[in-house]
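K.L.:
Handing you a structure now.
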Amino acid sequence: MIAHVQTLFRFRELIGMWTFREIRVRYKQSLLGAAWAVLQPLAMMLMFTVVFSRIARIETDYPYPIFSYSAVLPWTLLATSVSFGVNSLINNMNLVTKTYFPREILPLGVIGSALFDFVVASSIFVILMIYYQIPVNINFLWIPVFLVIQIILMLGIILLGSALTVFYRDVRYVVPLAIQLWFYATPIIYPISLVEENLPQLRTFYALNPMVGIVESYRDVILEGVPPNFTDLGLAAAMSIVLFVVAYYVFKRLEVLFNDLI
């Protein structure tokens, strides 16, 4: 694996170029351009606020708009990355079959463009923090750690998913359904306290979802102003790293077959 990472480092300029290309293509001939990066999570937050705060009456310790947006933002990063990343190999079959380069550059470019959207959409979160008077605290320094763990998780999913998609095209139809189900299994529209109160016997099993630890860590640091729950975050980190290592191994073993199958 170290040799593969060293090879990737030699292609670092190509990674940057491909990321820029992904950003440019995504918003090409779009009237609103990068504003779409803000509109998608913002629209989700507004809809959730109306449905789950006004109609379903889900109670949270903080105003529902900032409560939901603090989870919608990292979730959108994951959902966008996985949705586009799983198809990155078959969508660029001409490059894969005609040019040599580390194939993982294609998924990395997708994640890079999704991170660009994440940064742009974070501007709305800053506005919400100012409006609801959420103070910045020293625990904000944990945020890059959460982001790194999430990127490792996304890489693992995308590397494994994109490799399997080359062999089984059904994977690209399974992914949207899996993301939708995963969304409801993550405390985005509801607080984790509801799970602890109503289904305490499932709390340990529930934490096996790595996004639970990641999302709750963002909320702990930003909204509560306290360090993350190290048990849930540690479990999320361990699962993300294991998934990434296994996925990268499988990806590189199957890489030699991509040219023949695509």
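Residues in the structure tokens are named by chain (A, B, ... in the order shown) and by number from 1 within that chain; ligands are numbered from 1 in the order shown.
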Run DSSP on the backbone and give me the residues of stretch 15-255 of chain A it puts in alpha helix (DSSP H), as a ChimeraX atom specification.
P.N.:
/A:15-26,35-48,64-85,93-98,105-131,143-167,171-184,192-198,203-206,210-219,230-254
K.L.:
Would you mind listing, for every residue of stretch 114-211 of chain A within 10 Å of stretch 64-83 of chain A, the two atoms forming the shortest contact and the distance between them in Å to one decimal, using only C-alpha atoms, sorted by chain and ascending residue number, as a tab-separated table?
P.N.:
```
residue	atom	partner	partner_atom	distance
A:Ala114	CA	A:Ser81	CA	5.8
A:Leu115	CA	A:Leu77	CA	6.7
A:Phe116	CA	A:Leu77	CA	9.4
A:Asp117	CA	A:Leu77	CA	7.6
A:Phe118	CA	A:Leu77	CA	6.1
A:Val119	CA	A:Leu73	CA	9.5
A:Ala121	CA	A:Leu73	CA	7.3
A:Ser122	CA	A:Leu73	CA	7.3
A:Ile124	CA	A:Tyr69	CA	8.9
A:Phe125	CA	A:Tyr69	CA	7.1
A:Val126	CA	A:Ile66	CA	9.9
A:Ile127	CA	A:Ile66	CA	9.8
A:Leu128	CA	A:Ile66	CA	6.2
A:Met129	CA	A:Ile66	CA	7.5
A:Tyr131	CA	A:Ile66	CA	9.7
A:Tyr132	CA	A:Ile66	CA	8.0
A:Ile134	CA	A:Ile66	CA	9.5
A:Phe146	CA	A:Pro74	CA	9.7
A:Leu147	CA	A:Pro74	CA	8.4
A:Gln150	CA	A:Leu78	CA	7.7
A:Ile151	CA	A:Leu78	CA	8.2
A:Leu153	CA	A:Leu78	CA	8.8
A:Met154	CA	A:Leu78	CA	6.4
A:Leu155	CA	A:Val82	CA	8.5
A:Gly156	CA	A:Val82	CA	9.8
A:Ile157	CA	A:Val82	CA	7.0
A:Ile158	CA	A:Val82	CA	5.7
A:Leu159	CA	A:Val82	CA	9.5
A:Gly161	CA	A:Val82	CA	8.4
A:Ser162	CA	A:Val82	CA	9.2
A:Arg172	CA	A:Ser83	CA	8.2
A:Val175	CA	A:Ser83	CA	6.9
A:Pro176	CA	A:Ser83	CA	7.0
A:Ile179	CA	A:Ala79	CA	6.7
A:Gln180	CA	A:Ala79	CA	9.0
A:Trp182	CA	A:Ala79	CA	9.7
A:Phe183	CA	A:Trp75	CA	7.9
A:Thr186	CA	A:Ala71	CA	9.1
A:Pro187	CA	A:Ala71	CA	7.8
A:Ile188	CA	A:Ala71	CA	5.2
A:Ile189	CA	A:Ser68	CA	5.9
A:Tyr190	CA	A:Ser68	CA	8.0
A:Pro191	CA	A:Phe67	CA	8.7
A:Met211	CA	A:Trp75	CA	8.2
```
K.L.:
Which distance in Å separates atom CA of A:Phe258 and atom CA of A:Val86, to one decimal?
P.N.:
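Computing it gives 14.0 Å between the two atoms.
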K.L.:
So which one's closest to A:Gly213, A:Val226, A:Phe84, A:Val148, A:Leu235? Using only C-alpha atoms, please.
P.N.:
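Between A:Val226, A:Phe84, A:Val148, A:Leu235, the residue approaching A:Gly213 most closely is A:Leu235.
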